[in-house]
$ cat run34.pdb   # PDB, C-alpha atoms and all ligand atoms
ATOM      1  CA  MET A1140     -28.420  12.779  26.049
ATOM      2  CA  PRO A1141     -25.962  13.154  28.913
ATOM      3  CA  SER A1142     -27.110  10.675  31.509
ATOM      4  CA  ARG A1143     -25.172  11.675  34.586
ATOM      5  CA  THR A1144     -22.582  14.228  35.610
ATOM      6  CA  SER A1145     -19.854  13.606  33.158
ATOM      7  CA  LYS A1146     -16.409  13.177  34.638
ATOM      8  CA  ARG A1147     -13.490  14.913  33.060
ATOM      9  CA  SER A1148      -9.837  14.157  33.243
ATOM     10  CA  ARG A1149      -7.451  17.021  33.902
ATOM     11  CA  ASP A1150      -6.781  17.608  30.220
ATOM     12  CA  GLY A1151     -10.470  17.856  29.578
ATOM     13  CA  ALA A1152     -11.096  14.451  28.062
ATOM     14  CA  ALA A1153     -14.553  13.340  29.030
ATOM     15  CA  ILE A1154     -14.747   9.914  30.543
ATOM     16  CA  ASP A1155     -18.475   9.412  30.617
ATOM     17  CA  GLY A1156     -20.179   6.465  29.005
ATOM     18  CA  LYS A1157     -20.856   8.285  25.777
ATOM     19  CA  SER A1158     -17.216   9.197  25.239
ATOM     20  CA  VAL A1159     -16.097   5.712  26.058
ATOM     21  CA  ALA A1160     -18.591   4.353  23.573
ATOM     22  CA  ALA A1161     -17.299   6.716  20.886
ATOM     23  CA  PHE A1162     -13.771   5.676  21.693
ATOM     24  CA  ASP A1163     -14.672   2.026  21.570
ATOM     25  CA  ARG A1164     -16.130   2.414  18.146
ATOM     26  CA  LEU A1165     -12.981   4.145  16.922
ATOM     27  CA  TYR A1166     -10.785   1.561  18.575
ATOM     28  CA  ARG A1167     -12.683  -1.402  17.248
ATOM     29  CA  ASP A1168     -12.760  -0.091  13.702
ATOM     30  CA  HIS A1169      -9.148   1.016  13.466
ATOM     31  CA  VAL A1170      -6.955  -0.838  15.901
ATOM     32  CA  ASP A1171      -6.027  -3.584  13.446
ATOM     33  CA  ARG A1172      -4.981  -1.119  10.798
ATOM     34  CA  MET A1173      -2.989   0.948  13.247
ATOM     35  CA  TYR A1174      -1.215  -2.096  14.637
ATOM     36  CA  ARG A1175      -0.261  -3.160  11.134
ATOM     37  CA  PHE A1176       1.084   0.315  10.466
ATOM     38  CA  ALA A1177       2.937   0.396  13.791
ATOM     39  CA  GLN A1178       4.617  -2.931  13.116
ATOM     40  CA  ARG A1179       5.770  -1.836   9.711
ATOM     41  CA  LEU A1180       7.136   1.315  11.226
ATOM     42  CA  CYS A1181       8.700  -0.036  14.413
ATOM     43  CA  GLY A1182       9.762  -3.521  13.425
ATOM     44  CA  SER A1183       9.252  -5.084  16.839
ATOM     45  CA  PRO A1184       5.814  -6.188  18.039
ATOM     46  CA  ASP A1185       6.381  -4.731  21.517
ATOM     47  CA  ASP A1186       7.270  -1.290  20.201
ATOM     48  CA  ALA A1187       4.308  -1.537  17.869
ATOM     49  CA  LYS A1188       1.951  -2.246  20.772
ATOM     50  CA  ASP A1189       3.351   0.715  22.687
ATOM     51  CA  LEU A1190       2.803   2.891  19.661
ATOM     52  CA  VAL A1191      -0.770   1.684  19.254
ATOM     53  CA  GLN A1192      -1.448   2.484  22.886
ATOM     54  CA  GLU A1193       0.073   5.961  22.605
ATOM     55  CA  THR A1194      -1.860   6.584  19.414
ATOM     56  CA  PHE A1195      -5.264   5.657  20.768
ATOM     57  CA  LEU A1196      -4.628   7.429  24.043
ATOM     58  CA  SER A1197      -3.929  10.655  22.123
ATOM     59  CA  ALA A1198      -6.896   9.937  19.890
ATOM     60  CA  TYR A1199      -9.154   9.566  22.901
ATOM     61  CA  ARG A1200      -8.029  12.937  24.193
ATOM     62  CA  SER A1201      -8.604  14.724  20.929
ATOM     63  CA  LEU A1202     -11.643  12.844  19.725
ATOM     64  CA  LYS A1203     -13.817  15.822  20.623
ATOM     65  CA  ASP A1204     -11.677  18.009  18.319
ATOM     66  CA  PHE A1205     -11.948  15.762  15.311
ATOM     67  CA  ARG A1206     -13.843  17.774  12.731
ATOM     68  CA  GLY A1207     -13.880  15.329   9.903
ATOM     69  CA  GLU A1208     -11.828  17.515   7.574
ATOM     70  CA  SER A1209      -9.624  14.553   6.842
ATOM     71  CA  SER A1210     -10.671  10.952   6.795
ATOM     72  CA  ILE A1211     -10.577   9.356  10.187
ATOM     73  CA  SER A1212      -7.772   7.028   9.180
ATOM     74  CA  THR A1213      -5.618   9.921   7.924
ATOM     75  CA  TRP A1214      -6.280  11.604  11.241
ATOM     76  CA  LEU A1215      -5.153   8.480  13.107
ATOM     77  CA  TYR A1216      -2.045   8.093  10.953
ATOM     78  CA  THR A1217      -1.146  11.682  11.809
ATOM     79  CA  ILE A1218      -1.563  11.029  15.518
ATOM     80  CA  ALA A1219       0.496   7.858  15.217
ATOM     81  CA  ALA A1220       3.255   9.667  13.304
ATOM     82  CA  HIS A1221       3.485  12.269  16.070
ATOM     83  CA  ALA A1222       3.391   9.640  18.789
ATOM     84  CA  CYS A1223       6.175   7.826  17.014
ATOM     85  CA  GLN A1224       8.312  10.971  16.980
ATOM     86  CA  ARG A1225       7.675  11.552  20.672
ATOM     87  CA  MET A1226       8.580   8.007  21.616
ATOM     88  CA  ARG A1227      11.667   8.168  19.501
ATOM     89  CA  ARG A1228      12.834  11.375  21.119
ATOM     90  CA  LYS A1229      12.374   9.814  24.500
ATOM     91  CA  ARG A1230      14.675   7.045  23.413
ATOM     92  CA  LYS A1231      17.279   9.576  22.286
ATOM     93  CA  GLY A1232      17.215   8.500  18.703
ATOM     94  CA  GLU A1233      20.245   8.541  16.486
ATOM     95  CA  PRO A1234      20.492  11.564  14.203
ATOM     96  CA  GLU A1235      18.592  11.263  10.974
ATOM     97  CA  ARG A1236      20.686  10.389   7.959
ATOM     98  CA  GLU A1237      19.943  11.811   4.548
ATOM     99  CA  LEU A1238      19.882   9.498   1.573
ATOM    100  CA  SER A1239      21.809  10.802  -1.386
ATOM    101  CA  LEU A1240      20.057  10.210  -4.640
ATOM    102  CA  ASP A1241      23.319  10.063  -6.548
ATOM    103  CA  ALA A1242      24.584   7.278  -4.357
ATOM    104  CA  LEU A1243      21.367   5.333  -4.842
ATOM    105  CA  ILE A1244      20.996   5.605  -8.567
ATOM    106  CA  PRO A1245      22.451   2.450  -9.994
ATOM    107  CA  THR A1246      25.502   2.835 -12.123
ATOM    108  CA  ALA A1247      25.355   1.562 -15.639
ATOM    109  CA  ASP A1248      27.526  -1.410 -14.919
ATOM    110  CA  GLY A1249      27.400  -3.992 -12.232
ATOM    111  CA  ASP A1250      23.851  -3.530 -11.148
ATOM    112  CA  MET A1251      21.834  -6.654 -11.457
ATOM    113  CA  PRO A1252      18.127  -6.902 -11.062
ATOM    114  CA  LEU A1253      16.309  -7.936  -8.009
ATOM    115  CA  GLN A1254      14.465 -11.210  -8.147
ATOM    116  CA  VAL A1255      11.102 -10.544  -6.694
ATOM    117  CA  PRO A1256       8.684 -13.330  -7.417
ATOM    118  CA  GLY A1257       5.437 -12.506  -9.058
ATOM    119  CA  THR A1258       2.211 -14.302  -8.305
ATOM    120  CA  ASP A1259       1.479 -18.034  -8.683
ATOM    121  CA  LEU A1260       4.269 -19.278  -6.520
ATOM    122  CA  THR A1261       5.347 -22.878  -6.191
ATOM    123  CA  PRO A1262       6.020 -24.076  -2.610
ATOM    124  CA  GLU A1263       9.765 -23.570  -3.071
ATOM    125  CA  GLU A1264       9.182 -20.110  -4.370
ATOM    126  CA  ARG A1265       6.888 -19.399  -1.488
ATOM    127  CA  LEU A1266       9.719 -20.244   0.884
ATOM    128  CA  GLU A1267      12.005 -17.923  -1.008
ATOM    129  CA  HIS A1268       9.308 -15.342  -0.864
ATOM    130  CA  LYS A1269       9.185 -15.675   2.903
ATOM    131  CA  GLU A1270      12.906 -15.051   3.094
ATOM    132  CA  LEU A1271      12.473 -12.167   0.769
ATOM    133  CA  ARG A1272       9.812 -10.678   2.989
ATOM    134  CA  HIS A1273      12.159 -10.978   5.913
ATOM    135  CA  SER A1274      14.849  -9.183   3.918
ATOM    136  CA  LEU A1275      12.316  -6.565   2.970
ATOM    137  CA  PHE A1276      11.496  -5.752   6.573
ATOM    138  CA  SER A1277      15.129  -5.625   7.496
ATOM    139  CA  ALA A1278      15.799  -3.273   4.570
ATOM    140  CA  VAL A1279      12.858  -1.055   5.467
ATOM    141  CA  HIS A1280      14.047  -0.946   9.022
ATOM    142  CA  GLN A1281      17.435   0.320   7.947
ATOM    143  CA  LEU A1282      15.880   3.321   6.309
ATOM    144  CA  PRO A1283      16.236   6.543   8.260
ATOM    145  CA  LYS A1284      12.891   7.139   9.903
ATOM    146  CA  LYS A1285      11.676  10.042   7.807
ATOM    147  CA  TYR A1286      12.131   7.940   4.681
ATOM    148  CA  ARG A1287      10.693   4.846   6.275
ATOM    149  CA  MET A1288       7.556   6.704   7.275
ATOM    150  CA  VAL A1289       6.976   7.842   3.690
ATOM    151  CA  LEU A1290       7.568   4.399   2.219
ATOM    152  CA  VAL A1291       5.369   2.638   4.766
ATOM    153  CA  LEU A1292       2.511   5.090   4.368
ATOM    154  CA  ARG A1293       2.651   5.196   0.597
ATOM    155  CA  ASP A1294       3.666   1.710  -0.520
ATOM    156  CA  MET A1295       2.456  -0.420   2.359
ATOM    157  CA  GLU A1296      -0.551   1.429   3.737
ATOM    158  CA  GLY A1297      -1.569   2.619   0.304
ATOM    159  CA  LEU A1298      -2.039   6.329   1.000
ATOM    160  CA  SER A1299      -1.719   8.774  -1.865
ATOM    161  CA  ALA A1300       1.270  11.120  -1.995
ATOM    162  CA  ARG A1301      -1.052  13.951  -1.031
ATOM    163  CA  GLU A1302      -2.345  12.068   2.001
ATOM    164  CA  VAL A1303       1.178  11.178   3.085
ATOM    165  CA  GLY A1304       2.012  14.880   2.813
ATOM    166  CA  ALA A1305      -0.958  15.744   5.012
ATOM    167  CA  VAL A1306       0.068  13.195   7.620
ATOM    168  CA  MET A1307       3.705  14.277   7.705
ATOM    169  CA  GLY A1308       3.309  17.977   7.061
ATOM    170  CA  LEU A1309       5.184  17.807   3.775
ATOM    171  CA  THR A1310       4.530  18.987   0.260
ATOM    172  CA  GLU A1311       3.613  16.372  -2.286
ATOM    173  CA  ARG A1312       6.907  17.097  -4.013
ATOM    174  CA  ALA A1313       8.876  16.383  -0.856
ATOM    175  CA  VAL A1314       6.942  13.169  -0.349
ATOM    176  CA  LYS A1315       7.749  11.986  -3.856
ATOM    177  CA  SER A1316      11.399  12.849  -3.501
ATOM    178  CA  ARG A1317      11.727  10.943  -0.238
ATOM    179  CA  LEU A1318       9.698   8.071  -1.584
ATOM    180  CA  HIS A1319      11.943   7.648  -4.593
ATOM    181  CA  ARG A1320      15.055   7.550  -2.423
ATOM    182  CA  ALA A1321      13.459   5.146   0.007
ATOM    183  CA  ARG A1322      12.414   2.777  -2.758
ATOM    184  CA  LEU A1323      15.834   2.857  -4.383
ATOM    185  CA  PHE A1324      17.439   2.196  -1.028
ATOM    186  CA  VAL A1325      15.242  -0.815  -0.355
ATOM    187  CA  ARG A1326      15.772  -2.153  -3.850
ATOM    188  CA  HIS A1327      19.490  -1.764  -3.335
ATOM    189  CA  GLU A1328      19.399  -3.521   0.030
ATOM    190  CA  LEU A1329      17.369  -6.374  -1.371
ATOM    191  CA  ASN A1330      19.940  -6.818  -4.050
ATOM    192  CA  GLY A1331      22.412  -7.418  -1.247
ATOM    193  CA  GLN A1332      24.818  -5.061  -2.881
ATOM    194  CA  ARG A1333      25.693  -2.577  -0.266
ATOM    195  CA  PRO A1334      29.259  -3.052   0.845
ATOM    196  CA  GLY A1335      28.909  -4.133   4.435
ATOM    197  CA  GLY A1336      25.160  -4.072   3.972
ATOM    198  CA  ALA A1337      22.988  -6.295   6.064
ATOM    199  CA  GLY A1338      22.023  -9.716   4.963
ATOM    200  CA  PRO A1339      23.381 -12.061   2.378
ATOM    201  CA  PRO A1340      22.487 -11.578  -1.245
ATOM    202  CA  LEU A1341      19.225 -13.196  -2.124
ATOM    203  CA  GLN A1342      19.117 -16.477  -3.894
ATOM    204  CA  ALA A1343      18.202 -16.171  -7.486
ATOM    205  CA  ALA A1344      14.695 -17.312  -8.195
ATOM    206  CA  ARG A1345      14.607 -20.597 -10.005
ATOM    207  CA  PRO A1346      14.247 -20.085 -13.710
ATOM    208  CA  ARG A1347      10.764 -20.889 -14.830
ATOM    209  CA  ALA A1348       9.281 -21.994 -18.042
ATOM    210  CA  ASP A1349       7.614 -18.673 -18.616
ATOM    211  CA  ALA A1350      10.577 -16.684 -17.514
ATOM    212  CA  GLY A1351      11.700 -14.074 -19.862
ATOM    213  CA  ARG A1352      13.066 -12.950 -16.551
ATOM    214  CA  PRO A1353      16.667 -12.025 -16.173
ATOM    215  CA  SER A1354      18.702 -14.381 -14.040
ATOM    216  CA  GLY A1355      21.683 -13.668 -11.898
ATOM    217  CA  ILE A1356      22.143 -11.798  -8.684
ATOM    218  CA  ALA A1357      24.618  -9.227  -7.677
ATOM    219  CA  GLY A1358      27.422 -10.355  -5.476
ATOM    220  CA  ASP A1359      27.942 -13.640  -7.330
TER     221      ASP A1359
ATOM    222  CA  MET B 587      50.715  22.266 -35.369
ATOM    223  CA  THR B 588      48.717  20.112 -33.119
ATOM    224  CA  THR B 589      45.124  19.554 -33.646
ATOM    225  CA  ARG B 590      43.513  19.191 -30.329
ATOM    226  CA  ARG B 591      41.732  15.952 -30.463
ATOM    227  CA  ARG B 592      38.605  15.392 -28.659
ATOM    228  CA  LYS B 593      38.875  12.958 -25.855
ATOM    229  CA  PRO B 594      37.489   9.690 -27.120
ATOM    230  CA  ARG B 595      34.114   9.245 -25.663
ATOM    231  CA  ALA B 596      33.267   6.108 -23.840
ATOM    232  CA  PRO B 597      30.719   4.433 -26.062
ATOM    233  CA  ASN B 598      28.029   4.395 -23.424
ATOM    234  CA  ARG B 599      28.835   7.771 -21.949
ATOM    235  CA  GLN B 600      25.903   9.549 -23.510
ATOM    236  CA  SER B 601      23.488   6.819 -22.651
ATOM    237  CA  THR B 602      24.756   6.848 -19.078
ATOM    238  CA  VAL B 603      23.822  10.485 -18.743
ATOM    239  CA  GLN B 604      20.400   9.701 -20.131
ATOM    240  CA  CYS B 605      20.086   6.683 -17.882
ATOM    241  CA  ARG B 606      20.817   8.683 -14.766
ATOM    242  CA  LYS B 607      18.334  11.301 -15.804
ATOM    243  CA  LEU B 608      15.706   8.654 -16.384
ATOM    244  CA  LEU B 609      16.391   6.826 -13.170
ATOM    245  CA  ARG B 610      15.638   9.989 -11.226
ATOM    246  CA  THR B 611      12.072   9.905 -12.447
ATOM    247  CA  ILE B 612      11.160   6.239 -12.465
ATOM    248  CA  SER B 613       9.191   6.272  -9.225
ATOM    249  CA  GLU B 614       6.910   8.882 -10.703
ATOM    250  CA  TYR B 615       6.842   6.938 -13.938
ATOM    251  CA  LEU B 616       5.754   3.798 -12.116
ATOM    252  CA  ASP B 617       3.156   5.756 -10.147
ATOM    253  CA  ASN B 618       1.726   7.186 -13.374
ATOM    254  CA  ASP B 619       2.564  10.685 -12.212
ATOM    255  CA  LEU B 620       4.395  11.899 -15.294
ATOM    256  CA  PRO B 621       2.952  13.725 -18.272
ATOM    257  CA  ARG B 622       2.287  11.492 -21.226
ATOM    258  CA  PRO B 623       5.046  12.724 -23.538
ATOM    259  CA  MET B 624       7.587  12.030 -20.836
ATOM    260  CA  CYS B 625       6.242   8.535 -20.346
ATOM    261  CA  ALA B 626       6.560   7.883 -24.034
ATOM    262  CA  GLU B 627      10.139   9.073 -23.944
ATOM    263  CA  ILE B 628      10.899   6.822 -21.002
ATOM    264  CA  ARG B 629       9.293   3.815 -22.651
ATOM    265  CA  LYS B 630      11.387   4.466 -25.719
ATOM    266  CA  HIS B 631      14.568   4.568 -23.672
ATOM    267  CA  LEU B 632      13.615   1.435 -21.771
ATOM    268  CA  GLY B 633      13.007  -0.395 -25.002
ATOM    269  CA  ALA B 634      16.512   0.442 -26.123
ATOM    270  CA  CYS B 635      18.375   0.178 -22.827
ATOM    271  CA  PRO B 636      18.298  -3.221 -21.129
ATOM    272  CA  LYS B 637      20.119  -1.921 -18.075
ATOM    273  CA  CYS B 638      17.506   0.668 -17.248
ATOM    274  CA  GLU B 639      14.799  -1.828 -18.099
ATOM    275  CA  LEU B 640      16.186  -4.172 -15.458
ATOM    276  CA  VAL B 641      16.413  -1.456 -12.843
ATOM    277  CA  VAL B 642      12.873  -0.336 -13.527
ATOM    278  CA  ARG B 643      11.643  -3.888 -13.358
ATOM    279  CA  SER B 644      13.357  -4.548 -10.052
ATOM    280  CA  LEU B 645      12.082  -1.287  -8.599
ATOM    281  CA  LYS B 646       8.591  -2.199  -9.665
ATOM    282  CA  ARG B 647       8.937  -5.554  -7.976
ATOM    283  CA  THR B 648      10.244  -3.910  -4.837
ATOM    284  CA  ILE B 649       7.136  -1.746  -4.740
ATOM    285  CA  ASN B 650       4.888  -4.751  -5.327
ATOM    286  CA  LEU B 651       6.624  -6.607  -2.553
ATOM    287  CA  CYS B 652       5.960  -3.690  -0.211
ATOM    288  CA  LYS B 653       2.314  -3.690  -1.219
ATOM    289  CA  LYS B 654       1.957  -7.360  -0.403
ATOM    290  CA  ALA B 655       4.092  -7.445   2.734
ATOM    291  CA  ASP B 656       1.810  -8.645   5.463
ATOM    292  CA  VAL B 657       2.362  -8.528   9.191
ATOM    293  CA  ALA B 658       0.912 -10.333  12.194
ATOM    294  CA  ARG B 659      -2.411  -9.297  13.682
ATOM    295  CA  LEU B 660      -2.987  -8.056  17.159
ATOM    296  CA  THR B 661      -4.322 -10.815  19.411
ATOM    297  CA  ALA B 662      -7.700 -10.380  21.075
ATOM    298  CA  SER B 663      -6.114 -10.394  24.526
ATOM    299  CA  ASP B 664      -3.648  -7.655  23.530
ATOM    300  CA  LYS B 665      -6.525  -5.630  22.152
ATOM    301  CA  THR B 666      -8.364  -5.884  25.434
ATOM    302  CA  ARG B 667      -5.269  -5.130  27.496
ATOM    303  CA  ILE B 668      -4.357  -2.028  25.479
ATOM    304  CA  ARG B 669      -7.905  -0.716  25.639
ATOM    305  CA  LYS B 670      -7.945  -1.164  29.398
ATOM    306  CA  GLU B 671      -4.623   0.631  29.826
ATOM    307  CA  ILE B 672      -5.843   3.548  27.752
ATOM    308  CA  LEU B 673      -9.038   3.928  29.759
ATOM    309  CA  THR B 674      -7.085   3.679  33.011
ATOM    310  CA  ALA B 675      -4.650   6.334  31.814
ATOM    311  CA  VAL B 676      -7.460   8.663  30.790
ATOM    312  CA  SER B 677      -9.313   8.395  34.086
ATOM    313  CA  ARG B 678      -6.121   8.795  36.107
ATOM    314  CA  LEU B 679      -5.293  12.183  34.643
TER     315      LEU B 679
HETATM  316 ZN    ZN A1401      19.351   3.521 -19.790
END

$ encode --input "run34.pdb" --output "structure tokens" --more "lines below"
Ligand SMILES: [Zn+2]
Amino acid sequence: MPSRTSKRSRDGAAIDGKSVAAFDRLYRDHVDRMYRFAQRLCGSPDDAKDLVQETFLSAYRSLKDFRGESSISTWLYTIAAHACQRMRRKRKGEPERELSLDALIPTADGDMPLQVPGTDLTPEERLEHKELRHSLFSAVHQLPKKYRMVLVLRDMEGLSAREVGAVMGLTERAVKSRLHRARLFVRHELNGQRPGGAGPPLQAARPRADAGRPSGIAGD
Amino acid sequence: MTTRRRKPRAPNRQSTVQCRKLLRTISEYLDNDLPRPMCAEIRKHLGACPKCELVVRSLKRTINLCKKADVARLTASDKTRIRKEILTAVSRL
């Protein structure tokens, strides 16, 4: 029931109480998820906040067009992905690198496994885990954006390959191909193996009683 | 008369080719996206090839680490501020 003359902004977004209420519901339900996504994508909290603002501003404007063909979160991820591209262009981003699969596939010799702790961590291990998480974010941030987006959506946000494809306008095949490269890249970075790569090699996890786990870290 | 001798093959040459082939598909393997016969083949190779086994294990752990990697939450005051800026921007246009 439209109460009073509904105001409209120049691009046609209604700004009456009903629209604001609909927006508020969307915002309340999804802002935490979108901020999490934005941080994983952008790295810095300030950039992430800017991205969240851009995302929900665009969402407000197109809320009336949302038809429910996709889930609302897929719709928001798509808006965020576009907003991210726009903001990046504004900042005259560096050209996108391609990741060569051949360069990422470990050679038979000299590639040692990554020590990623499992569950049930001791306090010391938890500290190592914290460092590891830091290394993870730095590795993810070194990914060229189009790979980072796939990895974040699939492995961190938990979307299916099909959903990631819908968000990014890619075939499922293309998603899987990028995902594989991105994962290998991150694994490689976490191993601290890249010549001139960022970060020192990780400390080997302490051997544990139950460990049938390989020890040793590349770069030793 | 010279018999052309085959170049001696590096002992792990063949397995290296197989390893590289396998390592191209391990993401799909770990995501359960491969047909069953292929999975069986991969498991067989992994059982016999410690190097690939280690790579697969570390890739799996990388993925698990991604799944568990948490980030900070947005503070209530930031939430309010961002909402206000959006509504201001919408009404300004
Ligand atoms: Zn192998």

$ closest_atom_pairs --input "run34.pdb" --of "chain B" --to "ligand ZN 1401 (chain A)" --cutoff "12 Å" --atoms "all atoms listed in the file" --output "CSV"
residue,atom,partner,partner_atom,distance
B:Asn598,CA,A:ZN1401,ZN,9.4
B:Arg599,CA,A:ZN1401,ZN,10.6
B:Gln600,CA,A:ZN1401,ZN,9.6
B:Ser601,CA,A:ZN1401,ZN,6.0
B:Thr602,CA,A:ZN1401,ZN,6.4
B:Val603,CA,A:ZN1401,ZN,8.3
B:Gln604,CA,A:ZN1401,ZN,6.3
B:Cys605,CA,A:ZN1401,ZN,3.8
B:Arg606,CA,A:ZN1401,ZN,7.4
B:Lys607,CA,A:ZN1401,ZN,8.8
B:Leu608,CA,A:ZN1401,ZN,7.2
B:Leu609,CA,A:ZN1401,ZN,8.0
B:Arg610,CA,A:ZN1401,ZN,11.4
B:Ile612,CA,A:ZN1401,ZN,11.3
B:Glu627,CA,A:ZN1401,ZN,11.5
B:Ile628,CA,A:ZN1401,ZN,9.2
B:Arg629,CA,A:ZN1401,ZN,10.5
B:Lys630,CA,A:ZN1401,ZN,10.0
B:His631,CA,A:ZN1401,ZN,6.2
B:Leu632,CA,A:ZN1401,ZN,6.4
B:Gly633,CA,A:ZN1401,ZN,9.1
B:Ala634,CA,A:ZN1401,ZN,7.6
B:Cys635,CA,A:ZN1401,ZN,4.6
B:Pro636,CA,A:ZN1401,ZN,7.0
B:Lys637,CA,A:ZN1401,ZN,5.8
B:Cys638,CA,A:ZN1401,ZN,4.2
B:Glu639,CA,A:ZN1401,ZN,7.2
B:Leu640,CA,A:ZN1401,ZN,9.4
B:Val641,CA,A:ZN1401,ZN,9.0
B:Val642,CA,A:ZN1401,ZN,9.8

$ write_last_selection --input "run34.pdb" --atoms "C-alpha atoms" --output "PDB file, in the frame of the given file"
ATOM      1  CA  ASN B 598      28.029   4.395 -23.424  1.00  0.00           C
ATOM      2  CA  ARG B 599      28.835   7.771 -21.949  1.00  0.00           C
ATOM      3  CA  GLN B 600      25.903   9.549 -23.510  1.00  0.00           C
ATOM      4  CA  SER B 601      23.488   6.819 -22.651  1.00  0.00           C
ATOM      5  CA  THR B 602      24.756   6.848 -19.078  1.00  0.00           C
ATOM      6  CA  VAL B 603      23.822  10.485 -18.743  1.00  0.00           C
ATOM      7  CA  GLN B 604      20.400   9.701 -20.131  1.00  0.00           C
ATOM      8  CA  CYS B 605      20.086   6.683 -17.882  1.00  0.00           C
ATOM      9  CA  ARG B 606      20.817   8.683 -14.766  1.00  0.00           C
ATOM     10  CA  LYS B 607      18.334  11.301 -15.804  1.00  0.00           C
ATOM     11  CA  LEU B 608      15.706   8.654 -16.384  1.00  0.00           C
ATOM     12  CA  LEU B 609      16.391   6.826 -13.170  1.00  0.00           C
ATOM     13  CA  ARG B 610      15.638   9.989 -11.226  1.00  0.00           C
ATOM     14  CA  ILE B 612      11.160   6.239 -12.465  1.00  0.00           C
ATOM     15  CA  GLU B 627      10.139   9.073 -23.944  1.00  0.00           C
ATOM     16  CA  ILE B 628      10.899   6.822 -21.002  1.00  0.00           C
ATOM     17  CA  ARG B 629       9.293   3.815 -22.651  1.00  0.00           C
ATOM     18  CA  LYS B 630      11.387   4.466 -25.719  1.00  0.00           C
ATOM     19  CA  HIS B 631      14.568   4.568 -23.672  1.00  0.00           C
ATOM     20  CA  LEU B 632      13.615   1.435 -21.771  1.00  0.00           C
ATOM     21  CA  GLY B 633      13.007  -0.395 -25.002  1.00  0.00           C
ATOM     22  CA  ALA B 634      16.512   0.442 -26.123  1.00  0.00           C
ATOM     23  CA  CYS B 635      18.375   0.178 -22.827  1.00  0.00           C
ATOM     24  CA  PRO B 636      18.298  -3.221 -21.129  1.00  0.00           C
ATOM     25  CA  LYS B 637      20.119  -1.921 -18.075  1.00  0.00           C
ATOM     26  CA  CYS B 638      17.506   0.668 -17.248  1.00  0.00           C
ATOM     27  CA  GLU B 639      14.799  -1.828 -18.099  1.00  0.00           C
ATOM     28  CA  LEU B 640      16.186  -4.172 -15.458  1.00  0.00           C
ATOM     29  CA  VAL B 641      16.413  -1.456 -12.843  1.00  0.00           C
ATOM     30  CA  VAL B 642      12.873  -0.336 -13.527  1.00  0.00           C
TER      31      VAL B 642
END

$ resolve_selection --input "run34.pdb" --expression "the PyMOL selection byres ((chain B) within 7 of (chain A and not hetatm))" --output "ChimeraX atom specification"
/B:602,606,609,613,637,640-641,644-645,647-649,652-653,655,657,659-660,668,672,676-677,679

$ atom_distance --input "run34.pdb" --atom1 "atom CA of A:Glu1235" --atom2 "atom CA of A:His1169"
29.7 Å

$ atom_distance --input "run34.pdb" --atom1 "atom CA of A:Ser1299" --atom2 "atom CA of A:Lys1203"
26.5 Å

$ atom_distance --input "run34.pdb" --atom1 "atom CA of A:Arg1287" --atom2 "atom CA of A:Leu1180"
7.0 Å

$ residues_around --input "run34.pdb" --residues "A:Arg1236" --least-positions-apart "4" --cutoff "10 Å" --atoms "only C-alpha atoms" --output "PDB file with C-alpha atoms, in the frame of the given file"
ATOM      1  CA  LEU A1282      15.880   3.321   6.309  1.00  0.00           C
ATOM      2  CA  PRO A1283      16.236   6.543   8.260  1.00  0.00           C
ATOM      3  CA  LYS A1284      12.891   7.139   9.903  1.00  0.00           C
ATOM      4  CA  LYS A1285      11.676  10.042   7.807  1.00  0.00           C
ATOM      5  CA  TYR A1286      12.131   7.940   4.681  1.00  0.00           C
TER       6      TYR A1286
END

$ residues_near_point --input "run34.pdb" --point "(5.6, 8.4, 9.1)" --cutoff "6 Å" --atoms "all atoms listed in the file" --output "PyMOL selection string"
chain A and resi 1220+1288-1289

$ build_atoms --input "run34.pdb" --residues "stretch 603-611 of chain B" --atoms "N, CA and C atoms" --output "mmCIF file, in the coordinates of the input"
data_model
loop_
_atom_site.group_PDB
_atom_site.id
_atom_site.type_symbol
_atom_site.label_atom_id
_atom_site.label_comp_id
_atom_site.auth_asym_id
_atom_site.auth_seq_id
_atom_site.Cartn_x
_atom_site.Cartn_y
_atom_site.Cartn_z
ATOM 1 N N VAL B 603 24.425 9.220 -19.185
ATOM 2 C CA VAL B 603 23.822 10.485 -18.743
ATOM 3 C C VAL B 603 22.300 10.389 -18.839
ATOM 4 N N GLN B 604 21.847 9.864 -19.956
ATOM 5 C CA GLN B 604 20.400 9.701 -20.131
ATOM 6 C C GLN B 604 19.821 8.733 -19.115
ATOM 7 N N CYS B 605 20.561 7.677 -18.848
ATOM 8 C CA CYS B 605 20.086 6.683 -17.882
ATOM 9 C C CYS B 605 19.906 7.324 -16.514
ATOM 10 N N ARG B 606 20.912 8.076 -16.100
ATOM 11 C CA ARG B 606 20.817 8.683 -14.766
ATOM 12 C C ARG B 606 19.645 9.646 -14.682
ATOM 13 N N LYS B 607 19.451 10.359 -15.770
ATOM 14 C CA LYS B 607 18.334 11.301 -15.804
ATOM 15 C C LYS B 607 17.009 10.532 -15.676
ATOM 16 N N LEU B 608 16.935 9.456 -16.416
ATOM 17 C CA LEU B 608 15.706 8.654 -16.384
ATOM 18 C C LEU B 608 15.473 8.028 -15.019
ATOM 19 N N LEU B 609 16.560 7.542 -14.436
ATOM 20 C CA LEU B 609 16.391 6.826 -13.170
ATOM 21 C C LEU B 609 15.984 7.746 -12.021
ATOM 22 N N ARG B 610 16.122 9.043 -12.236
ATOM 23 C CA ARG B 610 15.638 9.989 -11.226
ATOM 24 C C ARG B 610 14.111 10.090 -11.233
ATOM 25 N N THR B 611 13.520 9.695 -12.333
ATOM 26 C CA THR B 611 12.072 9.905 -12.447
ATOM 27 C C THR B 611 11.249 8.616 -12.451
#
